[in-house]
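Visitor: Below is the file structure-v2.txt, with compact mmCIF, C-alpha atoms and all ligand atoms.
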# COMPACT_ATOMS: atom_id res chain seq x y z
CA MET A 44 49.82 128.49 62.43
CA SER A 45 51.78 125.44 63.59
CA PRO A 46 53.56 126.07 66.92
CA THR A 47 56.72 124.61 65.39
CA ASP A 48 56.61 126.94 62.36
CA TYR A 49 56.38 130.15 64.30
CA TYR A 50 58.03 132.30 61.62
CA ASP A 51 55.96 130.84 58.78
CA LEU A 52 58.79 129.19 56.87
CA GLU A 53 56.02 127.33 55.06
CA ARG A 54 55.55 130.48 53.00
CA ASP A 55 59.11 130.21 51.62
CA LEU A 56 58.86 126.54 50.65
CA SER A 57 58.02 125.50 47.11
CA SER A 58 55.12 123.09 46.53
CA GLU A 59 57.67 120.31 45.79
CA GLU A 60 59.47 120.98 49.08
CA ARG A 61 56.20 120.84 51.02
CA LEU A 62 55.11 117.68 49.25
CA THR A 63 58.42 115.97 50.01
CA ARG A 64 58.21 116.92 53.69
CA ASP A 65 54.59 115.84 54.00
CA THR A 66 55.27 112.50 52.32
CA VAL A 67 58.09 111.71 54.73
CA ARG A 68 56.07 112.92 57.72
CA LYS A 69 53.25 110.57 56.77
CA PHE A 70 55.62 107.63 56.33
CA VAL A 71 57.23 108.28 59.73
CA GLN A 72 53.87 108.74 61.42
CA ASN A 73 52.17 105.69 59.91
CA GLU A 74 54.97 103.17 59.46
CA PHE A 75 57.89 104.11 61.69
CA LEU A 76 56.47 105.50 64.94
CA PRO A 77 54.29 102.43 65.60
CA VAL A 78 57.39 100.19 65.67
CA ILE A 79 60.18 102.39 67.04
CA ARG A 80 59.60 101.72 70.72
CA GLU A 81 60.01 97.96 70.38
CA HIS A 82 63.10 98.37 68.20
CA PHE A 83 64.65 100.86 70.62
CA ARG A 84 64.03 98.48 73.51
CA ALA A 85 65.42 95.50 71.61
CA GLY A 86 68.39 97.40 70.18
CA THR A 87 67.42 96.61 66.58
CA PHE A 88 66.90 98.65 63.42
CA PRO A 89 63.57 98.24 61.57
CA ALA A 90 65.28 96.80 58.50
CA ALA A 91 61.95 95.85 56.91
CA LEU A 92 61.47 99.57 56.16
CA ILE A 93 64.71 99.93 54.14
CA PRO A 94 63.12 99.11 50.74
CA LYS A 95 60.32 101.54 51.57
CA LEU A 96 62.92 104.31 52.11
CA GLY A 97 64.22 103.45 48.65
CA GLU A 98 60.77 103.39 47.10
CA LEU A 99 60.07 106.87 48.48
CA GLY A 100 63.36 108.11 46.96
CA LEU A 101 64.85 109.01 50.35
CA LEU A 102 68.26 107.34 49.88
CA GLY A 103 70.69 109.74 48.20
CA ALA A 104 67.69 111.98 47.57
CA ASN A 105 69.71 115.13 46.75
CA LEU A 106 72.11 113.34 44.39
CA SER A 107 71.68 113.40 40.61
CA GLY A 108 72.56 111.06 37.75
CA PHE A 109 72.24 107.27 37.60
CA GLY A 110 68.48 107.60 38.09
CA LEU A 111 68.85 109.37 41.46
CA PRO A 112 66.07 111.79 42.52
CA GLY A 113 68.18 115.00 42.60
CA ILE A 114 65.80 116.94 44.86
CA ASN A 115 67.08 120.31 46.05
CA ASN A 116 68.90 120.68 49.34
CA VAL A 117 66.06 122.35 51.25
CA ALA A 118 63.78 119.45 50.32
CA TYR A 119 66.56 117.06 51.32
CA GLY A 120 66.98 118.91 54.63
CA LEU A 121 63.24 118.56 55.26
CA VAL A 122 63.56 114.81 54.62
CA MET A 123 66.28 114.65 57.29
CA GLN A 124 64.19 116.76 59.67
CA GLU A 125 61.19 114.46 59.33
CA LEU A 126 63.19 111.23 59.64
CA ASP A 127 64.86 112.56 62.79
CA ARG A 128 61.51 113.64 64.16
CA GLY A 129 60.89 109.90 64.16
CA ASP A 130 64.28 108.86 65.53
CA SER A 131 67.91 109.91 64.97
CA GLY A 132 68.65 106.25 64.17
CA LEU A 133 66.34 106.39 61.17
CA ARG A 134 67.92 109.65 59.95
CA SER A 135 71.39 108.16 60.55
CA PHE A 136 70.55 105.22 58.31
CA ALA A 137 69.55 107.53 55.45
CA SER A 138 72.44 109.96 56.12
CA VAL A 139 75.08 107.25 56.01
CA GLN A 140 73.62 105.56 52.94
CA GLY A 141 73.22 108.81 50.98
CA ALA A 142 75.86 111.26 52.19
CA LEU A 143 78.61 108.87 53.29
CA VAL A 144 78.36 105.99 50.80
CA MET A 145 76.45 107.07 47.67
CA TYR A 146 77.93 110.61 47.62
CA PRO A 147 81.57 109.42 47.67
CA ILE A 148 80.89 106.73 45.06
CA LEU A 149 79.27 109.37 42.84
CA THR A 150 81.96 111.98 43.50
CA PHE A 151 85.15 109.91 43.67
CA GLY A 152 84.18 106.59 42.07
CA SER A 153 84.78 105.03 38.65
CA ASP A 154 81.91 104.50 36.21
CA ALA A 155 81.95 100.78 36.96
CA GLN A 156 81.68 101.46 40.73
CA LYS A 157 78.76 103.85 40.14
CA GLN A 158 76.94 101.35 37.90
CA ARG A 159 77.53 98.53 40.36
CA TRP A 160 76.47 100.23 43.58
CA LEU A 161 74.35 103.36 43.08
CA PRO A 162 71.13 101.72 41.78
CA PRO A 163 70.84 99.08 44.56
CA LEU A 164 71.87 101.58 47.26
CA ALA A 165 69.19 104.02 46.05
CA ALA A 166 66.57 101.27 45.96
CA GLY A 167 67.46 100.04 49.43
CA SER A 168 68.20 96.58 48.08
CA ALA A 169 71.81 97.11 49.22
CA VAL A 170 73.11 98.82 52.36
CA GLY A 171 76.39 100.70 52.75
CA CYS A 172 78.58 101.82 55.64
CA PHE A 173 81.38 104.37 56.04
CA GLY A 174 84.43 103.28 58.03
CA LEU A 175 86.62 106.20 59.08
CA THR A 176 86.77 106.13 62.90
CA GLU A 177 89.17 103.71 64.60
CA PRO A 178 89.38 102.60 68.24
CA ASP A 179 92.30 105.01 68.83
CA HIS A 180 91.46 107.69 66.26
CA GLY A 181 88.12 109.49 66.36
CA SER A 182 88.53 113.26 66.26
CA ASP A 183 91.93 112.91 64.54
CA PRO A 184 91.27 110.49 61.66
CA GLU A 185 94.52 111.57 60.02
CA GLY A 186 96.27 109.37 62.60
CA MET A 187 94.50 106.21 61.37
CA LYS A 188 96.40 102.92 61.52
CA THR A 189 94.42 100.95 58.92
CA LYS A 190 96.76 100.28 56.03
CA ALA A 191 96.51 99.11 52.43
CA VAL A 192 99.44 97.57 50.61
CA ARG A 193 99.56 97.05 46.86
CA ASP A 194 100.11 93.45 45.71
CA GLY A 195 100.08 93.18 41.92
CA ASP A 196 96.68 94.42 40.78
CA THR A 197 95.10 93.90 44.21
CA PHE A 198 95.32 95.61 47.61
CA ILE A 199 95.67 93.94 51.01
CA LEU A 200 94.07 95.78 53.93
CA ASN A 201 94.72 95.39 57.66
CA GLY A 202 93.29 97.31 60.60
CA SER A 203 90.03 97.98 62.41
CA LYS A 204 87.24 100.54 62.40
CA MET A 205 85.03 101.39 65.36
CA TRP A 206 81.53 102.78 65.86
CA ILE A 207 80.46 102.15 62.28
CA THR A 208 76.76 102.74 61.56
CA ASN A 209 75.17 99.89 59.55
CA GLY A 210 78.47 97.95 59.73
CA SER A 211 77.10 94.43 60.15
CA ILE A 212 74.19 94.87 57.74
CA ALA A 213 76.24 96.52 54.99
CA ASP A 214 76.60 94.90 51.59
CA VAL A 215 79.42 97.31 50.86
CA ALA A 216 81.79 99.02 53.30
CA LEU A 217 83.64 102.15 52.27
CA VAL A 218 86.82 101.78 54.31
CA TRP A 219 89.37 104.57 54.55
CA ALA A 220 92.96 103.32 54.83
CA LYS A 221 96.47 104.64 54.27
CA LEU A 222 98.16 103.57 51.05
CA ASP A 223 101.80 104.71 50.97
CA GLY A 224 100.93 107.14 53.80
CA VAL A 225 97.98 108.73 51.92
CA ILE A 226 94.33 108.20 52.97
CA ARG A 227 92.38 106.38 50.22
CA GLY A 228 88.88 104.89 50.02
CA PHE A 229 88.27 101.17 49.32
CA LEU A 230 84.95 99.46 48.58
CA ILE A 231 84.77 96.13 50.36
CA ALA A 232 81.91 93.79 49.51
CA LYS A 233 80.23 91.77 52.26
CA GLY A 234 81.71 88.28 52.56
CA THR A 235 85.21 89.26 51.40
CA PRO A 236 87.57 86.86 53.25
CA GLY A 237 89.28 88.47 56.27
CA PHE A 238 86.58 91.13 56.65
CA SER A 239 84.16 90.88 59.58
CA ALA A 240 81.73 93.15 61.45
CA HIS A 241 80.74 92.82 65.11
CA ASP A 242 77.87 94.76 66.64
CA ILE A 243 78.43 97.01 69.64
CA LYS A 244 75.76 95.91 72.11
CA SER A 245 76.57 98.23 75.01
CA LYS A 246 74.85 101.36 73.64
CA LEU A 247 72.34 103.33 75.72
CA SER A 248 71.96 105.82 72.84
CA MET A 249 70.94 105.23 69.21
CA ARG A 250 69.57 101.88 70.23
CA ALA A 251 67.48 101.59 67.08
CA SER A 252 70.57 101.91 64.88
CA ILE A 253 73.16 99.26 64.12
CA THR A 254 76.69 100.23 65.18
CA SER A 255 79.60 97.88 64.59
CA GLU A 256 83.30 97.30 64.76
CA LEU A 257 84.90 96.35 61.43
CA VAL A 258 87.90 94.05 61.50
CA LEU A 259 90.21 93.73 58.49
CA GLU A 260 92.70 90.86 58.52
CA ASP A 261 94.62 90.51 55.25
CA VAL A 262 91.55 91.54 53.26
CA ARG A 263 92.40 91.28 49.58
CA VAL A 264 90.40 93.57 47.30
CA PRO A 265 90.73 93.95 43.53
CA GLY A 266 92.42 97.11 42.26
CA GLU A 267 89.15 98.35 40.76
CA ASN A 268 87.67 98.68 44.30
CA LEU A 269 89.85 101.72 45.04
CA LEU A 270 87.95 105.01 44.67
CA PRO A 271 90.13 106.59 41.98
CA LYS A 272 89.41 110.24 42.73
CA ALA A 273 89.66 110.29 46.54
CA GLU A 274 93.11 111.18 47.87
CA GLY A 275 93.93 112.48 51.33
CA LEU A 276 91.80 113.36 54.36
CA LYS A 277 89.91 116.03 52.45
CA ALA A 278 87.93 113.31 50.62
CA PRO A 279 86.26 111.77 53.72
CA LEU A 280 85.90 115.28 55.18
CA GLN A 281 84.01 116.35 52.05
CA CYS A 282 81.60 113.44 52.67
CA LEU A 283 81.22 114.47 56.30
CA THR A 284 80.23 117.99 55.21
CA GLN A 285 77.31 116.43 53.30
CA ALA A 286 76.24 114.34 56.28
CA ARG A 287 76.65 117.21 58.76
CA PHE A 288 74.36 119.32 56.59
CA GLY A 289 71.66 116.66 57.08
CA ILE A 290 72.34 116.52 60.82
CA ALA A 291 71.83 120.29 61.15
CA TRP A 292 68.30 119.73 59.82
CA GLY A 293 67.72 116.43 61.59
CA ALA A 294 68.44 117.92 65.02
CA VAL A 295 65.65 120.43 64.42
CA GLY A 296 63.26 117.52 63.81
CA ALA A 297 64.23 115.80 67.07
CA ALA A 298 63.81 119.09 68.96
CA MET A 299 60.40 119.67 67.37
CA ALA A 300 59.23 116.22 68.50
CA CYS A 301 60.35 116.95 72.09
CA PHE A 302 58.81 120.42 72.10
CA GLU A 303 55.47 119.13 70.79
CA ALA A 304 55.42 116.40 73.44
CA ALA A 305 56.16 118.95 76.20
CA LEU A 306 53.55 121.41 74.94
CA SER A 307 50.73 118.88 74.76
CA TYR A 308 51.70 117.18 78.02
CA THR A 309 51.85 120.41 80.04
CA CYS A 310 48.52 121.61 78.65
CA GLU A 311 46.87 118.39 79.84
CA ARG A 312 48.69 117.50 83.05
CA LYS A 313 47.16 119.17 86.10
CA GLN A 314 48.87 119.92 89.42
CA PHE A 315 47.61 122.26 92.13
CA GLY A 316 44.24 122.10 90.39
CA ARG A 317 45.33 123.58 87.04
CA PRO A 318 47.33 122.63 83.92
CA ILE A 319 51.06 122.88 84.57
CA ALA A 320 51.24 124.91 81.31
CA SER A 321 49.44 127.71 83.19
CA PHE A 322 52.40 128.28 85.49
CA GLN A 323 54.78 131.05 84.47
CA LEU A 324 57.87 128.86 84.94
CA THR A 325 56.47 126.35 82.43
CA GLN A 326 55.56 129.07 79.96
CA ALA A 327 59.07 130.51 80.18
CA LYS A 328 60.49 127.09 79.29
CA LEU A 329 58.13 126.75 76.32
CA ALA A 330 58.99 130.25 75.10
CA ASP A 331 62.74 129.57 75.35
CA MET A 332 62.43 126.20 73.58
CA LEU A 333 60.37 127.66 70.75
CA THR A 334 62.77 130.57 70.32
CA GLU A 335 65.79 128.27 70.02
CA ILE A 336 63.99 125.90 67.63
CA THR A 337 62.91 128.81 65.45
CA LYS A 338 66.47 130.19 65.27
CA ALA A 339 67.79 126.73 64.35
CA GLN A 340 65.11 126.30 61.65
CA LEU A 341 66.10 129.63 60.08
CA LEU A 342 69.77 128.62 60.17
CA ALA A 343 69.08 125.27 58.49
CA PHE A 344 66.83 126.85 55.88
CA ARG A 345 69.38 129.52 54.98
CA LEU A 346 72.13 126.88 54.83
CA GLY A 347 70.00 124.86 52.41
CA ARG A 348 69.47 127.83 50.12
CA LEU A 349 73.24 128.57 50.19
CA LYS A 350 73.96 124.92 49.30
CA ASP A 351 71.49 125.08 46.43
CA ALA A 352 73.19 128.26 45.20
CA GLY A 353 76.51 126.37 45.29
CA VAL A 354 78.12 128.83 47.72
CA MET A 355 77.87 126.98 51.06
CA ARG A 356 81.15 126.77 52.99
CA HIS A 357 82.00 123.80 55.19
CA THR A 358 82.55 126.14 58.15
CA GLN A 359 78.94 127.29 57.82
CA VAL A 360 77.91 123.63 58.09
CA SER A 361 80.04 123.34 61.24
CA LEU A 362 78.28 126.33 62.78
CA ALA A 363 74.85 124.87 62.03
CA LYS A 364 75.69 121.32 63.19
CA ARG A 365 77.26 122.66 66.39
CA ASN A 366 74.42 125.02 67.21
CA ASN A 367 71.45 122.90 66.19
CA VAL A 368 72.54 119.70 67.92
CA ARG A 369 73.37 121.51 71.18
CA MET A 370 70.02 123.31 70.89
CA ALA A 371 68.17 120.01 70.40
CA LEU A 372 69.96 118.42 73.33
CA GLU A 373 68.94 121.31 75.59
CA VAL A 374 65.36 121.29 74.33
CA ALA A 375 65.17 117.51 74.92
CA ARG A 376 66.56 117.85 78.46
CA THR A 377 64.11 120.63 79.32
CA ALA A 378 61.20 118.67 77.81
CA ARG A 379 62.24 115.60 79.79
CA GLY A 380 61.93 117.53 83.02
CA MET A 381 58.58 119.03 82.04
CA LEU A 382 57.11 115.53 81.72
CA GLY A 383 58.14 114.69 85.27
CA ALA A 384 58.43 110.96 85.91
CA ASN A 385 56.73 110.23 82.59
CA GLY A 386 59.68 111.98 80.97
CA ILE A 387 61.89 108.96 81.60
CA SER A 388 59.35 106.50 80.17
CA ASP A 389 59.42 105.27 76.58
CA GLU A 390 55.67 105.81 76.46
CA TYR A 391 56.77 109.28 75.33
CA PRO A 392 59.45 109.99 72.71
CA VAL A 393 61.46 112.52 74.73
CA MET A 394 63.95 110.34 76.62
CA ARG A 395 64.65 108.34 73.45
CA HIS A 396 65.48 111.55 71.56
CA LEU A 397 67.55 112.83 74.48
CA CYS A 398 69.61 109.62 74.55
CA ASN A 399 70.07 109.69 70.78
CA LEU A 400 71.15 113.31 70.76
CA GLU A 401 74.09 112.45 73.01
CA THR A 402 75.45 110.48 70.04
CA VAL A 403 74.57 113.19 67.55
CA GLU A 404 76.56 115.68 69.66
CA THR A 405 79.59 113.35 69.38
CA TYR A 406 79.53 111.92 65.85
CA GLU A 407 80.35 113.74 62.64
CA GLY A 408 82.66 116.07 64.56
CA THR A 409 82.09 116.72 68.24
CA TYR A 410 80.87 120.07 69.55
CA GLU A 411 84.48 120.88 70.48
CA ILE A 412 85.87 119.98 67.05
CA HIS A 413 83.33 122.25 65.32
CA THR A 414 84.26 124.98 67.79
CA LEU A 415 87.89 124.63 66.71
CA ILE A 416 86.93 124.62 63.01
CA LEU A 417 85.14 127.93 63.55
CA GLY A 418 88.02 129.23 65.67
CA LYS A 419 90.46 128.49 62.86
CA ASP A 420 88.21 130.12 60.27
CA LEU A 421 87.92 133.27 62.37
CA THR A 422 91.53 133.63 63.47
CA GLY A 423 93.52 131.77 60.84
CA LEU A 424 95.12 129.88 63.74
CA ASP A 425 94.68 126.09 63.87
CA ALA A 426 94.23 124.91 67.46
CA MET A 427 94.14 121.24 66.41
CA THR A 428 97.72 120.86 65.17
C1 LIG B 1 76.35 105.68 67.49
C2 LIG B 1 77.57 106.15 66.74
C3 LIG B 1 77.63 105.98 65.37
C4 LIG B 1 78.79 106.35 64.66
N1 LIG B 1 78.86 106.11 63.31
C5 LIG B 1 80.05 106.29 62.66
C6 LIG B 1 80.20 105.87 61.30
O1 LIG B 1 79.24 105.41 60.65
N2 LIG B 1 81.43 105.97 60.72
C7 LIG B 1 82.50 106.49 61.38
O2 LIG B 1 83.59 106.55 60.79
N3 LIG B 1 82.38 106.90 62.68
C8 LIG B 1 81.19 106.81 63.32
N4 LIG B 1 81.07 107.20 64.65
C9 LIG B 1 82.25 107.66 65.36
C10 LIG B 1 82.26 109.16 65.67
O3 LIG B 1 82.41 109.90 64.49
C11 LIG B 1 83.37 109.42 66.70
O4 LIG B 1 82.92 108.87 67.93
C12 LIG B 1 83.72 110.90 66.85
O5 LIG B 1 84.44 111.35 65.74
C13 LIG B 1 84.53 111.19 68.13
O6 LIG B 1 85.61 110.33 68.21
P1 LIG B 1 85.90 109.54 69.58
O7 LIG B 1 84.65 108.87 70.01
O8 LIG B 1 87.10 108.70 69.35
O9 LIG B 1 86.21 110.67 70.64
P2 LIG B 1 87.62 111.40 70.89
O10 LIG B 1 88.14 111.93 69.60
O11 LIG B 1 88.49 110.54 71.70
O12 LIG B 1 87.12 112.65 71.77
C14 LIG B 1 86.77 112.51 73.16
C15 LIG B 1 86.50 113.93 73.69
O13 LIG B 1 87.69 114.73 73.53
C16 LIG B 1 87.37 115.90 72.83
N5 LIG B 1 88.49 116.31 72.00
C17 LIG B 1 89.19 115.58 71.08
N6 LIG B 1 90.13 116.34 70.50
C18 LIG B 1 90.03 117.58 71.06
C19 LIG B 1 90.72 118.82 70.88
N7 LIG B 1 91.72 118.94 69.98
N8 LIG B 1 90.35 119.86 71.64
C20 LIG B 1 89.34 119.77 72.54
N9 LIG B 1 88.65 118.64 72.76
C21 LIG B 1 88.99 117.57 72.02
C22 LIG B 1 86.15 115.54 71.97
O14 LIG B 1 85.42 116.70 71.59
C23 LIG B 1 85.39 114.63 72.91
O15 LIG B 1 84.63 115.41 73.81
C24 LIG B 1 79.89 106.93 65.36
C25 LIG B 1 79.79 107.14 66.75
C26 LIG B 1 78.65 106.77 67.43
C27 LIG B 1 78.59 107.00 68.91
Show me, as structure tokens, the structure contained in the file I just sent.

Guide:
Amino acid sequence: MSPTDYYDLERDLSSEERLTRDTVRKFVQNEFLPVIREHFRAGTFPAALIPKLGELGLLGANLSGFGLPGINNVAYGLVMQELDRGDSGLRSFASVQGALVMYPILTFGSDAQKQRWLPPLAAGSAVGCFGLTEPDHGSDPEGMKTKAVRDGDTFILNGSKMWITNGSIADVALVWAKLDGVIRGFLIAKGTPGFSAHDIKSKLSMRASITSELVLEDVRVPGENLLPKAEGLKAPLQCLTQARFGIAWGAVGAAMACFEAALSYTCERKQFGRPIASFQLTQAKLADMLTEITKAQLLAFRLGRLKDAGVMRHTQVSLAKRNNVRMALEVARTARGMLGANGISDEYPVMRHLCNLETVETYEGTYEIHTLILGKDLTGLDAMT
């Protein structure tokens, strides 16, 4: 039995789910892991692999219609797990493209918008980004300042968005802005006059992911670029539920990578004349890490089955995102220590995952925000307003 499938979840996976996971694992192993270290060092995303992600059907994989793969949500979760086992930046790319750009176009878009964007986004011949966060509004997006004003049959947008994954490489930006005081979604094509994206170079986390600031100065977009069926904050929040679902699985993948590195390192590394894995303190750490990973796997798996049954609640996604990311962060920190000085070197994947997980703890609703979402669900009292 695999040490990272201690409760034999394999038994509950269909042959399609296993095949999907194994295909992604092979891709990550053979094509992504050999290049990640250089990209992480350089602060670049391996963009050459984007069409390959499309070819494998990993972009918008759980969406249906318009030729999309429509795999079930457990298989989709396993895709996210395996991508994140490579690097959270790789999983972020696929999460944003699928859950935050393709999902809203499919759910809230017009037929023309779907025809225009879904096929190239699925193929990886076009890239999308999701602009919700602003410099002064992260956890409270309702307070956003970006505004759209109607001008005949066009809209004029002004404002800025911050920390936007894929911003500068996006062919289409989904920008959320207030129109007559109501949050609406606008599709802005690359090259639209007044629209620019500037990369944030200061990151010590998610280095192999592009993160940008979007600036909108009198950006004029045609009326047909408004997502017709998205009105109010609940629309972007509905997208975030999709992406958070993927994160709950992805965090498990990052934790598995760290655990595996710690297990093999401690079995080989000798101090005081014997493997450090033979010391009781090391074994206690391994036992605790495995227990937490196993609990998180069961949570993600159950969440996937609930989503497939159409009964998943967004608060259940909050619980899983909150728990699994914190779990992964703690596993990564423990693993880092178990590798001693080598733990801080990029010869091993652990420090890279640890740095990435600091972002994952913050984006898509911080640990605290998910705590408050659960608090409200339990008590009926909203601590955020
Ligand atoms: C690498 C990266 C990629 C990202 N990609 C995207 C993207 O593609 N699109 C996008 O729109 N955004 C993206 N984000 C932004 C991300 O979603 C925000 O950073 C996040 O929502 C938190 O907002 P903030 O950074 O402004 O922190 P703040 O909201 O200022 O929060 C700071 C701290 O205060 C705490 N806090 C805030 N409110 C409360 C409260 N009521 N009670 C208790 N504590 C509270 C928070 O939990 C946090 O610890 C990305 C961020 C990063 C780092």

Visitor: Excluding stretch 411-423 of chain A and its own-chain neighbours fewer than 5 positions away, which residues fall within 10 Å of it when counting all atoms listed in the file? Please give them as a PyMOL selection string.

Guide: chain A and resi 182-183+357-366+404-405

Visitor: Neighbouring residues of A:Ala213 were defined as those with any atom within 8 Å, considering all atoms listed in the file; residues of the same chain fewer than 5 positions away were excluded. Please report them as a list in words.

Guide: Ala169, Val170, Gly171, Cys172 and Lys233 of chain A

Visitor: May I ask for the distance between atom CA of A:Arg376 and atom CA of A:Ala300, given in Å to one decimal place?

Guide: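 Distance reported for this atom pair: 12.5 Å.
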
Visitor: Using all atoms listed in the file, find each residue of chain A with at least one atom at most 7 Å away from an atom of ligand LIG 1 (chain B); report its shortest atom-to-atom pair and that distance in Å (one decimal), sort the rows by chain and rising residue number, and return the result as a tab-separated table.

Guide:
residue	atom	partner	partner_atom	distance
A:Val139	CA	B:LIG1	O1	6.5
A:Cys172	CA	B:LIG1	O1	6.2
A:Phe173	CA	B:LIG1	N2	4.9
A:Gly174	CA	B:LIG1	O2	4.4
A:Leu175	CA	B:LIG1	O2	3.5
A:Thr176	CA	B:LIG1	O2	3.8
A:Pro178	CA	B:LIG1	O8	6.6
A:Asp179	CA	B:LIG1	O8	6.4
A:His180	CA	B:LIG1	O8	5.4
A:Gly181	CA	B:LIG1	O6	3.2
A:Ser182	CA	B:LIG1	O10	3.6
A:Asp183	CA	B:LIG1	O10	6.4
A:Met205	CA	B:LIG1	N3	6.7
A:Trp206	CA	B:LIG1	C24	4.5
A:Ile207	CA	B:LIG1	O1	3.8
A:Thr208	CA	B:LIG1	O1	3.8
A:Asn209	CA	B:LIG1	O1	6.9
A:Ser248	CA	B:LIG1	C1	6.9
A:Met249	CA	B:LIG1	C1	5.7
A:Thr254	CA	B:LIG1	C3	5.8
A:Thr402	CA	B:LIG1	C27	4.8
A:Thr405	CA	B:LIG1	C12	5.4
A:Tyr406	CA	B:LIG1	O3	3.8
A:Glu407	CA	B:LIG1	O3	4.7
A:Gly408	CA	B:LIG1	O5	5.2
A:Thr409	CA	B:LIG1	O14	4.7
A:Tyr410	CA	B:LIG1	O14	6.0
A:Glu411	CA	B:LIG1	O14	4.4
A:Ile412	CA	B:LIG1	O14	5.6
A:Ala426	CA	B:LIG1	N7	6.9
A:Met427	CA	B:LIG1	N7	4.9

Visitor: Need to verify the contact set: A:Arg128, 8 Å, all atoms listed in the file, exclusion of same-chain residues closer than 5 positions in sequence. Can you return it as a list of chain:residue names?

Guide: A:Gly293, A:Val295, A:Gly296, A:Ala297, A:Ala298, A:Met299, A:Ala300

Visitor: Taking only C-alpha atoms into account, which of A:Ser58, A:Gln158, A:Thr87, A:Thr197 comes nearest A:Lys244?

Guide: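 Closest to A:Lys244 of all the choices is A:Thr87.
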
Visitor: How many Å separate atom CA of A:His82 from atom CA of A:Lys246?

Guide: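 Atom CA of A:Lys246 lies at a distance of 13.3 Å from atom CA of A:His82.
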
Visitor: Write out as a PyMOL selection string the residues lying within 12 Å of A:Ala251, counting all atoms listed in the file and excluding same-chain residues fewer than 2 positions away.

Guide: chain A and resi 75-76+78-90+129-136+208-209+244+246-249+253-254+395-396+398-399

Visitor: List the spatial neighbours of A:Leu164 as an MDAnalysis selection string - criterion: any atom at most 10 Å away, only C-alpha atoms, same-chain residues fewer than 3 positions off excluded.

Guide: chainID A and resid 94 97 102:103 140:141 144:145 159:161 167:171 214:215
